[in-house]
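Below is coords-v9.cif, which holds mmCIF, C-alpha atoms and all ligand atoms.
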```cif
data_structure
#
loop_
_atom_site.group_PDB
_atom_site.id
_atom_site.type_symbol
_atom_site.label_atom_id
_atom_site.label_comp_id
_atom_site.auth_asym_id
_atom_site.auth_seq_id
_atom_site.Cartn_x
_atom_site.Cartn_y
_atom_site.Cartn_z
ATOM 1 C CA MET A 28 0.000 0.000 0.000
ATOM 2 C CA SER A 29 2.601 2.572 0.985
ATOM 3 C CA SER A 30 5.652 3.168 -1.140
ATOM 4 C CA PRO A 31 8.749 4.526 0.605
ATOM 5 C CA THR A 32 9.524 6.910 -2.265
ATOM 6 C CA GLY A 33 6.213 8.755 -2.284
ATOM 7 C CA PRO A 34 6.921 12.434 -1.567
ATOM 8 C CA ALA A 35 3.397 13.189 -0.358
ATOM 9 C CA GLN A 36 3.681 10.651 2.474
ATOM 10 C CA GLN A 37 6.796 12.126 4.043
ATOM 11 C CA PRO A 38 6.397 14.845 6.675
ATOM 12 C CA ALA A 39 7.291 18.292 5.394
ATOM 13 C CA GLU A 40 8.415 19.638 8.783
ATOM 14 C CA ALA A 41 11.869 19.394 10.335
ATOM 15 C CA PRO A 42 12.732 16.327 12.397
ATOM 16 C CA GLU A 43 11.572 16.236 16.012
ATOM 17 C CA LYS A 44 15.130 16.509 17.280
ATOM 18 C CA ASP A 45 15.334 20.144 16.184
ATOM 19 C CA THR A 46 12.021 21.063 17.773
ATOM 20 C CA LEU A 47 13.216 19.777 21.153
ATOM 21 C CA ARG A 48 16.115 22.186 21.249
ATOM 22 C CA VAL A 49 15.487 25.417 23.085
ATOM 23 C CA LEU A 50 17.819 28.377 23.037
ATOM 24 C CA LEU A 51 19.207 29.147 26.471
ATOM 25 C CA SER A 52 20.124 32.524 27.930
ATOM 26 C CA ASP A 53 23.657 33.343 29.028
ATOM 27 C CA GLN A 54 22.596 33.157 32.689
ATOM 28 C CA VAL A 55 21.207 29.647 32.250
ATOM 29 C CA LEU A 56 24.346 28.598 30.380
ATOM 30 C CA ALA A 57 26.509 29.939 33.243
ATOM 31 C CA VAL A 58 24.516 27.902 35.782
ATOM 32 C CA LEU A 59 24.782 24.801 33.597
ATOM 33 C CA LYS A 60 28.539 25.347 33.363
ATOM 34 C CA GLN A 61 28.767 25.482 37.182
ATOM 35 C CA ILE A 62 26.721 22.285 37.445
ATOM 36 C CA LYS A 63 28.942 20.571 34.886
ATOM 37 C CA ARG A 64 32.080 21.649 36.760
ATOM 38 C CA ALA A 65 30.726 20.467 40.143
ATOM 39 C CA ARG A 66 29.797 17.105 38.584
ATOM 40 C CA SER A 67 33.291 16.734 37.117
ATOM 41 C CA GLN A 68 34.902 17.491 40.478
ATOM 42 C CA LEU A 69 32.929 14.775 42.247
ATOM 43 C CA LEU A 70 33.510 12.242 39.477
ATOM 44 C CA VAL A 71 37.270 12.916 39.494
ATOM 45 C CA CYS A 72 37.241 12.430 43.266
ATOM 46 C CA PHE A 73 35.302 9.196 42.757
ATOM 47 C CA MET A 74 37.719 7.951 40.095
ATOM 48 C CA THR A 75 40.730 8.564 42.346
ATOM 49 C CA LEU A 76 39.378 6.106 44.919
ATOM 50 C CA PRO A 77 41.811 3.341 43.790
ATOM 51 C CA LEU A 78 44.741 5.733 44.325
ATOM 52 C CA TYR A 79 43.426 6.511 47.789
ATOM 53 C CA VAL A 80 43.094 2.812 48.610
ATOM 54 C CA MET A 81 46.636 2.162 47.394
ATOM 55 C CA ALA A 82 47.965 5.067 49.492
ATOM 56 C CA VAL A 83 46.146 3.809 52.588
ATOM 57 C CA ALA A 84 47.416 0.272 51.992
ATOM 58 C CA GLY A 85 50.963 1.584 51.617
ATOM 59 C CA LEU A 86 50.765 3.632 54.806
ATOM 60 C CA VAL A 87 49.247 0.752 56.775
ATOM 61 C CA GLY A 88 51.912 -1.581 55.396
ATOM 62 C CA ASN A 89 54.616 0.754 56.705
ATOM 63 C CA GLY A 90 52.892 1.040 60.076
ATOM 64 C CA GLN A 91 52.139 4.758 59.644
ATOM 65 C CA ASP A 92 49.090 6.722 60.754
ATOM 66 C CA ILE A 93 46.351 7.064 58.106
ATOM 67 C CA SER A 94 43.914 9.286 59.995
ATOM 68 C CA VAL A 95 45.044 12.534 58.333
ATOM 69 C CA LEU A 96 44.770 11.052 54.842
ATOM 70 C CA MET A 97 41.366 9.519 55.635
ATOM 71 C CA LEU A 98 39.969 12.755 57.042
ATOM 72 C CA ALA A 99 41.314 14.799 54.139
ATOM 73 C CA TYR A 100 39.831 12.448 51.535
ATOM 74 C CA MET A 101 36.477 12.245 53.308
ATOM 75 C CA ALA A 102 36.331 16.022 53.687
ATOM 76 C CA LEU A 103 37.137 16.481 49.997
ATOM 77 C CA TYR A 104 34.516 13.917 48.992
ATOM 78 C CA ALA A 105 31.881 15.432 51.313
ATOM 79 C CA GLY A 106 32.628 18.945 50.090
ATOM 80 C CA PHE A 107 32.250 18.012 46.436
ATOM 81 C CA GLY A 108 29.124 15.956 47.190
ATOM 82 C CA ILE A 109 27.418 18.743 49.113
ATOM 83 C CA ASN A 110 28.424 21.263 46.450
ATOM 84 C CA LEU A 111 26.822 19.066 43.797
ATOM 85 C CA SER A 112 23.683 18.235 45.765
ATOM 86 C CA VAL A 113 22.775 21.894 46.378
ATOM 87 C CA LYS A 114 22.957 22.830 42.686
ATOM 88 C CA ARG A 115 19.568 23.943 41.403
ATOM 89 C CA CYS A 116 18.250 23.485 37.893
ATOM 90 C CA PRO A 117 17.941 26.836 36.100
ATOM 91 C CA ARG A 118 14.740 25.685 34.418
ATOM 92 C CA CYS A 119 12.667 23.987 37.138
ATOM 93 C CA HIS A 120 14.594 25.240 40.235
ATOM 94 C CA GLN A 121 14.680 21.753 41.766
ATOM 95 C CA GLN A 122 17.853 20.026 42.925
ATOM 96 C CA PHE A 123 19.601 19.053 39.693
ATOM 97 C CA PHE A 124 20.991 15.655 40.758
ATOM 98 C CA VAL A 125 18.684 14.762 43.681
ATOM 99 C CA LYS A 126 15.371 13.156 42.782
ATOM 100 C CA GLN A 127 14.112 12.286 46.270
ATOM 101 C CA TYR A 128 16.748 11.689 48.959
ATOM 102 C CA PHE A 129 19.898 10.447 47.273
ATOM 103 C CA LEU A 130 22.451 12.213 45.105
ATOM 104 C CA ASN A 131 22.984 10.551 41.747
ATOM 105 C CA PRO A 132 25.776 12.354 39.859
ATOM 106 C CA PHE A 133 25.933 9.965 36.916
ATOM 107 C CA PRO A 134 23.081 11.232 34.703
ATOM 108 C CA ARG A 135 23.941 14.390 32.776
ATOM 109 C CA LYS A 136 20.435 15.786 32.912
ATOM 110 C CA CYS A 137 18.151 17.269 35.533
ATOM 111 C CA ALA A 138 16.451 14.628 37.668
ATOM 112 C CA HIS A 139 13.153 16.517 37.413
ATOM 113 C CA CYS A 140 12.775 18.243 34.036
ATOM 114 C CA GLY A 141 15.479 16.524 31.967
ATOM 115 C CA LEU A 142 17.502 19.645 31.129
ATOM 116 C CA HIS A 143 20.885 18.480 29.874
ATOM 117 C CA CYS A 144 23.950 20.020 31.542
ATOM 118 C CA HIS A 145 26.074 19.348 28.455
ATOM 119 C CA HIS A 146 24.640 21.859 26.022
ATOM 120 C CA VAL A 147 25.655 22.260 22.402
ATOM 121 C CA GLY A 148 26.089 25.779 21.093
ATOM 122 C CA GLY A 149 23.684 27.351 23.584
ATOM 123 C CA ALA A 150 20.864 24.950 22.821
ATOM 124 C CA ALA A 151 19.416 22.612 25.411
ATOM 125 C CA MET A 152 19.014 18.991 24.507
HETATM 126 ZN ZN ZN B 201 15.176 20.796 35.959
#
```

What is this file in structure tokens?
Ligand SMILES: [Zn+2]
Amino acid sequence: MSSPTGPAQQPAEAPEKDTLRVLLSDQVLAVLKQIKRARSQLLVCFMTLPLYVMAVAGLVGNGQDISVLMLAYMALYAGFGINLSVKRCPRCHQQFFVKQYFLNPFPRKCAHCGLHCHHVGGAAM
């Protein structure tokens, strides 16, 4: 019944992907940049966990005190985590990475409205 080459059957409008993009103001882009930076800080701290474990194992192996290193790492982790959890979405003004009670830094979009923190050329995805 339907032929794939029929020009009258194809939609004349642009693809849906372009209609989903919304131009963002400079203020919104600045907030998204802060959110992206805070997320990167926590993820870098998370990825250095093996280095921390190796340092603790080395210090324990030498019989040295690890309390300073532990406190410093926990303080750094807590600081980055709190900094990320208090970030508010510029669109819906909810916590960007907290849906209910727990911080989830892995998604790159708002937990409530889906605004992407990695924008392309000033357009939200
Ligand atoms: Zn949002």

field: Explicit residues for the PyMOL selection byres (((not hetatm)) within 6 of (chain B and resi 201)) (as a PyMOL selection string)
entry: chain A and resi 116+118-119+121+137+139-142

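Shortest separation to Ala99 of chain A among A:Cys72, A:Val58, A:Ala138, A:Met81 occurs at residue A:Cys72, atoms counted being only C-alpha atoms.
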
field: Selected residue, from A:Gly90, A:Leu111, A:Tyr104, A:His143, that lies nearest to Phe129 of chain A when counting only C-alpha atoms
entry: A:Leu111

task: One decimal, Å: what's the distance from atom CA of Arg66 of chain A over to atom CA of Arg115 of chain A, could you say?
output: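 Distance between the two atoms: 12.6 Å.
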
Could the centre and edge lengths of an axis-aligned box, enclosing all atoms of segment 114-123 of chain A in the file with 5 Å extra on each side, be given in Å to one decimal as AutoDock Vina command-line options?
```
--center_x 17.8 --center_y 22.9 --center_z 38.7 --size_x 20.3 --size_y 17.8 --size_z 18.5
```

query: If I put a ball of radius 10 Å at (38.8, 10.0, 55.2) in the file's coordinates, which residues poke into it when counting only C-alpha atoms, written as an MDAnalysis selection string?
result: chainID A and resid 79 83 93:105

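If you measure from each of A:Gln91, A:Ser67, A:Thr75, A:Asn110 to Arg135 of chain A using only C-alpha atoms, the closest one turns out to be A:Ser67.
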
task: Enter the distance from atom CA of Gln127 of chain A to atom CA of Ser52 of chain A, in Å, rounded to one decimal.
output: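 Between atom CA of Gln127 of chain A and atom CA of Ser52 of chain A the gap is 28.0 Å.
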
message: I'd like to know which of A:His120, A:Val55, A:Leu50, A:Lys63 is closest to Cys144 of chain A, using only C-alpha atoms.
response: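 Smallest separation from Cys144 of chain A among the options: A:Lys63.
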
task: Work out how far atom CA of Leu69 of chain A is from atom CA of Asp53 of chain A, in Å to one decimal.
output: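 Spanning atom CA of Asp53 of chain A to atom CA of Leu69 of chain A is a straight-line distance of 24.6 Å.
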
statement: If you count only C-alpha atoms, the residue of A:Val113, A:Leu86, A:Ala65, A:Val80 closest to Phe133 of chain A turns out to be A:Ala65

query: Of the residues A:Ala57, A:Ile109, A:Val71, A:Ile62, which is the one nearest to Phe123 of chain A, using all atoms listed in the file?
result: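 Residue with the minimum atom-to-atom distance to Phe123 of chain A: A:Ile62.
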